[in-house]
Amino acid sequence: MPRGRPAKVDHVREAFISKIDSATSLVTAVKTLPTKTRPSNNPGIHPKYVGQVFELAFMGLVASWEEFIERSLVRYLTGAQTNSGYKPALKFGKADTIKHAYELLSLDPDYKPERSYLKVSDPRWVRRVADFYFSRHSYSVLQNASDLIKHANSIRNRVAHESTKCRSDFKATAIHFLHPAKGQLKQGYGAASLLQAPVQRHFGQPAINQNKTHFEAYCYFFKELAVKIVPI
């Protein structure tokens with residue numbers, strides 16, 4: 001990007017939504033396959049492997065969300081605006097380049113994306129840094145979405161890690177969504193089971209009425225946020 005020219009930003013939203021659609025298509029395709037629980041010559045896939053596809057697709061979804069937040073934030077800091085004309089109101093001068101934007105956001109003049117990272121998984125950090133650099137901005141929508149984002153992180157972390165903390169955080173998330181009797185989950189209840197379970201609360205009545213799974217509800221949730229942060 002030439003110095004002084006703001007980066008484009010609409011393609012960041014479009015790339016993220018494309019990844020959401022790909023994840024949705026993947027799990028939809030896997031769900032249509034015949035299943036089998038015992039070895040046989042009949043075609044089919046074990047439900048355990050179906051669950052693993054859901055888990056991996058969800059890990060990719062959350063990683064893509066964080067990439068979207070980072071890529072949009074640094075571009076807005078260079079003065080980027082959407083094709084429809086939206087851009088946050090900068091409090092100070094704009095960053096000269098995307099590299100300069102990373103240095104400002106990280107408060108590190110030697111910031112290197114390949115060895116450092118911004119705390120984009122934390123919606124509170126995103127809002128606070130946006131509040132610092134912008135007088136008005138679309139990241140304010142994260143305030144009401146932060147709980148669902150944090151629970152998405154706990155599901156992703158449970159897929160990726162076996163630590164006691166990840167197990168404990170995931171259990172709290174599953175109980176939050178399912179509200180099981182006496183606050184007890186079935187033994188061995190994992191991320192795959194939750195992602196395939198129908199929504200019961202916290203995603204709104206339309207998601208419940210449409211019998212969306214938690215995976216589907218999260219796809220819709222992140223897509224809605226993306227369109228609010230980088231408006232069409």
# chains A, B, ... in the order shown; residues from 1 in each chain; ligands from 1
call {"tool": "closest_atom_pairs", "arguments": {"of": "range 113-231 of chain A", "to": "range 45-62 of chain A", "cutoff": "12 Å", "atoms": "only C-alpha atoms", "output": "CSV"}}
result
residue,atom,partner,partner_atom,distance
A:Val120,CA,A:Val62,CA,10.9
A:Ser121,CA,A:Val62,CA,8.8
A:Asp122,CA,A:Val62,CA,11.9
A:Leu148,CA,A:Val62,CA,11.6
A:Ile149,CA,A:Val62,CA,8.8
A:Lys150,CA,A:Val62,CA,10.6
A:His151,CA,A:Val62,CA,10.8
A:Ala152,CA,A:Val62,CA,7.2
A:Asn153,CA,A:Val62,CA,7.3
A:Ser154,CA,A:Val62,CA,10.5
A:Ile155,CA,A:Met59,CA,8.4
A:Arg156,CA,A:Met59,CA,5.3
A:Asn157,CA,A:Met59,CA,8.3
A:Arg158,CA,A:Glu55,CA,9.4
A:Val159,CA,A:Glu55,CA,6.4
A:Ala160,CA,A:Met59,CA,8.0
A:His161,CA,A:Met59,CA,11.6
A:Tyr189,CA,A:Gly51,CA,11.7
A:Gly190,CA,A:Gly51,CA,9.4
A:Ala191,CA,A:Glu55,CA,6.6
A:Ala192,CA,A:Gly51,CA,4.7
A:Ser193,CA,A:Gly51,CA,7.0
A:Leu194,CA,A:Gly51,CA,9.6
A:Leu195,CA,A:Phe54,CA,6.9
A:Gln196,CA,A:Phe54,CA,7.6
A:Ala197,CA,A:Gly51,CA,11.0
A:Thr213,CA,A:Phe54,CA,10.9
A:His214,CA,A:Phe58,CA,10.1
A:Phe215,CA,A:Phe58,CA,7.1
A:Glu216,CA,A:Phe58,CA,9.9
A:Ala217,CA,A:Phe58,CA,11.5
A:Tyr218,CA,A:Phe58,CA,8.9
A:Cys219,CA,A:Leu61,CA,7.7
A:Tyr220,CA,A:Leu61,CA,11.2
A:Phe221,CA,A:Leu61,CA,11.3
A:Phe222,CA,A:Leu61,CA,8.8
A:Lys223,CA,A:Leu61,CA,10.5
call {"tool": "select_by_dssp", "arguments": {"residues": "range 60-129 of chain A", "states": "helix (DSSP H, G or I)", "output": "NGL selection string"}}
result
:A and (60-77 or 98-106 or 123-129)
call {"tool": "residues_around", "arguments": {"residues": "range 78-84 of chain A", "least_positions_apart": "4", "cutoff": "12 Å", "atoms": "only C-alpha atoms", "output": "PyMOL selection string"}}
result
chain A and resi 1-14+71-74+88-105+133-134+137-138+227-232
call {"tool": "write_last_selection", "arguments": {"atoms": "C-alpha atoms", "output": "JSON list (two decimals), in the first residue's frame"}}
result
[["chain", "number", "residue", "atom", "x", "y", "z"],
["A", 1, "MET", "CA", 0.00, 0.00, 0.00],
["A", 2, "PRO", "CA", 1.54, 3.36, -1.01],
["A", 3, "ARG", "CA", 2.27, 5.68, 1.89],
["A", 4, "GLY", "CA", -0.64, 7.88, 2.89],
["A", 5, "ARG", "CA", -3.32, 6.01, 0.94],
["A", 6, "PRO", "CA", -5.90, 4.26, 3.17],
["A", 7, "ALA", "CA", -6.26, 0.54, 2.68],
["A", 8, "LYS", "CA", -9.48, -0.98, 1.42],
["A", 9, "VAL", "CA", -11.65, -2.84, 3.95],
["A", 10, "ASP", "CA", -14.75, -4.35, 2.28],
["A", 11, "HIS", "CA", -12.74, -7.34, 1.05],
["A", 12, "VAL", "CA", -11.90, -8.17, 4.69],
["A", 13, "ARG", "CA", -15.60, -8.63, 5.49],
["A", 14, "GLU", "CA", -16.20, -10.52, 2.25],
["A", 71, "ARG", "CA", -7.48, -6.90, 9.56],
["A", 72, "SER", "CA", -10.40, -4.48, 9.80],
["A", 73, "LEU", "CA", -8.95, -2.66, 12.83],
["A", 74, "VAL", "CA", -5.55, -1.96, 11.29],
["A", 88, "PRO", "CA", -14.71, 5.32, 12.18],
["A", 89, "ALA", "CA", -13.94, 8.88, 13.27],
["A", 90, "LEU", "CA", -10.25, 9.10, 14.15],
["A", 91, "LYS", "CA", -9.29, 11.07, 17.27],
["A", 92, "PHE", "CA", -5.75, 11.60, 16.06],
["A", 93, "GLY", "CA", -3.93, 11.40, 12.75],
["A", 94, "LYS", "CA", -4.26, 8.24, 10.73],
["A", 95, "ALA", "CA", -1.55, 5.60, 10.49],
["A", 96, "ASP", "CA", 0.69, 5.99, 7.44],
["A", 97, "THR", "CA", 0.63, 2.28, 6.57],
["A", 98, "ILE", "CA", -0.80, -0.99, 7.86],
["A", 99, "LYS", "CA", 2.61, -1.70, 9.41],
["A", 100, "HIS", "CA", 2.40, 1.65, 11.23],
["A", 101, "ALA", "CA", -1.13, 0.76, 12.39],
["A", 102, "TYR", "CA", 0.19, -2.47, 13.93],
["A", 103, "GLU", "CA", 2.87, -0.48, 15.75],
["A", 104, "LEU", "CA", 0.27, 1.93, 17.14],
["A", 105, "LEU", "CA", -2.17, -0.76, 18.22],
["A", 133, "TYR", "CA", -8.10, 5.75, 18.66],
["A", 134, "PHE", "CA", -11.64, 6.53, 17.45],
["A", 137, "HIS", "CA", -16.60, 3.32, 15.80],
["A", 138, "SER", "CA", -18.52, 0.16, 14.91],
["A", 227, "VAL", "CA", -21.72, -6.68, 8.61],
["A", 228, "LYS", "CA", -22.12, -4.25, 11.52],
["A", 229, "ILE", "CA", -18.37, -3.72, 11.94],
["A", 230, "VAL", "CA", -17.67, -3.34, 8.22],
["A", 231, "PRO", "CA", -21.05, -2.18, 6.87],
["A", 232, "ILE", "CA", -22.13, -3.03, 3.34]]
call {"tool": "closest_residue", "arguments": {"among": "A:Gly44, A:Gly85, A:Gly204, A:Pro109", "to": "Thr32 in chain A", "atoms": "only C-alpha atoms"}}
result
A:Gly44
call {"tool": "residues_around", "arguments": {"residues": "Phe177 in chain A", "least_positions_apart": "2", "cutoff": "9 Å", "atoms": "only C-alpha atoms", "output": "list in words"}}
result
Ala172, Thr173, Ala174, Ile175, His179, Pro180, Leu194, Val199, Gln200, Arg201, His202 and His214 of chain A
call {"tool": "write_last_selection", "arguments": {"atoms": "all heavy atoms", "output": "short mmCIF file (atom, residue, chain, number, x, y, z; two decimals), in the first residue's frame"}}
result
data_model
loop_
_atom_site.label_atom_id
_atom_site.label_comp_id
_atom_site.auth_asym_id
_atom_site.auth_seq_id
_atom_site.Cartn_x
_atom_site.Cartn_y
_atom_site.Cartn_z
N ALA A 172 -18.48 -24.80 32.00
CA ALA A 172 -19.29 -23.63 32.36
C ALA A 172 -20.07 -23.11 31.15
O ALA A 172 -21.23 -22.71 31.27
CB ALA A 172 -18.39 -22.53 32.93
N THR A 173 -19.44 -23.15 29.98
CA THR A 173 -20.10 -22.70 28.75
C THR A 173 -21.26 -23.63 28.39
O THR A 173 -22.37 -23.17 28.06
CB THR A 173 -19.09 -22.64 27.60
OG1 THR A 173 -18.24 -21.51 27.78
CG2 THR A 173 -19.77 -22.54 26.25
N ALA A 174 -21.03 -24.92 28.44
CA ALA A 174 -22.09 -25.88 28.10
C ALA A 174 -23.27 -25.75 29.05
O ALA A 174 -24.44 -25.79 28.62
CB ALA A 174 -21.53 -27.31 28.13
N ILE A 175 -22.99 -25.59 30.33
CA ILE A 175 -24.07 -25.41 31.32
C ILE A 175 -24.82 -24.11 31.06
O ILE A 175 -26.04 -24.04 31.16
CB ILE A 175 -23.49 -25.46 32.74
CG1 ILE A 175 -23.05 -26.90 33.07
CG2 ILE A 175 -24.51 -24.98 33.77
CD1 ILE A 175 -22.28 -27.03 34.37
N HIS A 179 -28.31 -25.38 30.34
CA HIS A 179 -29.01 -25.33 31.62
C HIS A 179 -29.53 -26.71 32.01
O HIS A 179 -30.73 -26.91 32.24
CB HIS A 179 -30.16 -24.33 31.55
CG HIS A 179 -30.65 -23.88 32.88
ND1 HIS A 179 -29.85 -23.18 33.78
CD2 HIS A 179 -31.85 -24.04 33.50
CE1 HIS A 179 -30.56 -22.92 34.87
NE2 HIS A 179 -31.76 -23.44 34.73
N PRO A 180 -28.65 -27.71 32.10
CA PRO A 180 -29.10 -29.08 32.40
C PRO A 180 -29.60 -29.21 33.84
O PRO A 180 -29.27 -28.39 34.70
CB PRO A 180 -27.83 -29.91 32.20
CG PRO A 180 -26.72 -28.96 32.48
CD PRO A 180 -27.18 -27.62 31.99
N LEU A 194 -21.95 -30.24 21.95
CA LEU A 194 -22.58 -28.93 22.11
C LEU A 194 -22.81 -28.25 20.76
O LEU A 194 -23.88 -27.68 20.52
CB LEU A 194 -21.70 -28.03 23.00
CG LEU A 194 -22.24 -26.62 23.23
CD1 LEU A 194 -23.59 -26.64 23.94
CD2 LEU A 194 -21.23 -25.78 24.03
N VAL A 199 -30.03 -25.02 19.74
CA VAL A 199 -30.00 -23.85 20.64
C VAL A 199 -31.23 -23.85 21.53
O VAL A 199 -32.34 -24.11 21.08
CB VAL A 199 -29.94 -22.56 19.80
CG1 VAL A 199 -30.25 -21.33 20.65
CG2 VAL A 199 -28.58 -22.41 19.13
N GLN A 200 -31.03 -23.55 22.80
CA GLN A 200 -32.14 -23.45 23.75
C GLN A 200 -32.30 -22.04 24.32
O GLN A 200 -33.36 -21.66 24.78
CB GLN A 200 -31.91 -24.43 24.91
CG GLN A 200 -31.85 -25.88 24.49
CD GLN A 200 -31.63 -26.81 25.68
OE1 GLN A 200 -31.94 -26.47 26.82
NE2 GLN A 200 -31.07 -27.99 25.42
N ARG A 201 -31.23 -21.27 24.32
CA ARG A 201 -31.26 -19.92 24.90
C ARG A 201 -30.05 -19.13 24.41
O ARG A 201 -29.13 -19.66 23.82
CB ARG A 201 -31.25 -19.99 26.44
CG ARG A 201 -30.14 -20.88 26.98
CD ARG A 201 -30.13 -20.94 28.50
NE ARG A 201 -31.43 -21.32 29.04
CZ ARG A 201 -31.91 -22.55 29.06
NH1 ARG A 201 -31.19 -23.54 28.57
NH2 ARG A 201 -33.08 -22.82 29.55
N HIS A 202 -30.10 -17.83 24.65
CA HIS A 202 -28.99 -16.88 24.45
C HIS A 202 -28.73 -16.46 23.00
O HIS A 202 -27.97 -15.53 22.77
CB HIS A 202 -27.68 -17.42 25.06
CG HIS A 202 -27.79 -17.76 26.51
ND1 HIS A 202 -28.20 -16.84 27.46
CD2 HIS A 202 -27.56 -18.91 27.18
CE1 HIS A 202 -28.21 -17.41 28.64
NE2 HIS A 202 -27.83 -18.68 28.50
N HIS A 214 -25.92 -25.01 17.77
CA HIS A 214 -25.03 -23.96 18.26
C HIS A 214 -24.00 -23.57 17.20
O HIS A 214 -23.61 -22.41 17.11
CB HIS A 214 -24.33 -24.42 19.55
CG HIS A 214 -25.24 -24.45 20.74
ND1 HIS A 214 -25.94 -25.58 21.10
CD2 HIS A 214 -25.59 -23.49 21.63
CE1 HIS A 214 -26.68 -25.31 22.16
NE2 HIS A 214 -26.49 -24.06 22.50
#
call {"tool": "atom_distance", "arguments": {"atom1": "CA of Gln143 in chain A", "atom2": "CA of Gln205 in chain A"}}
result
20.3 Å
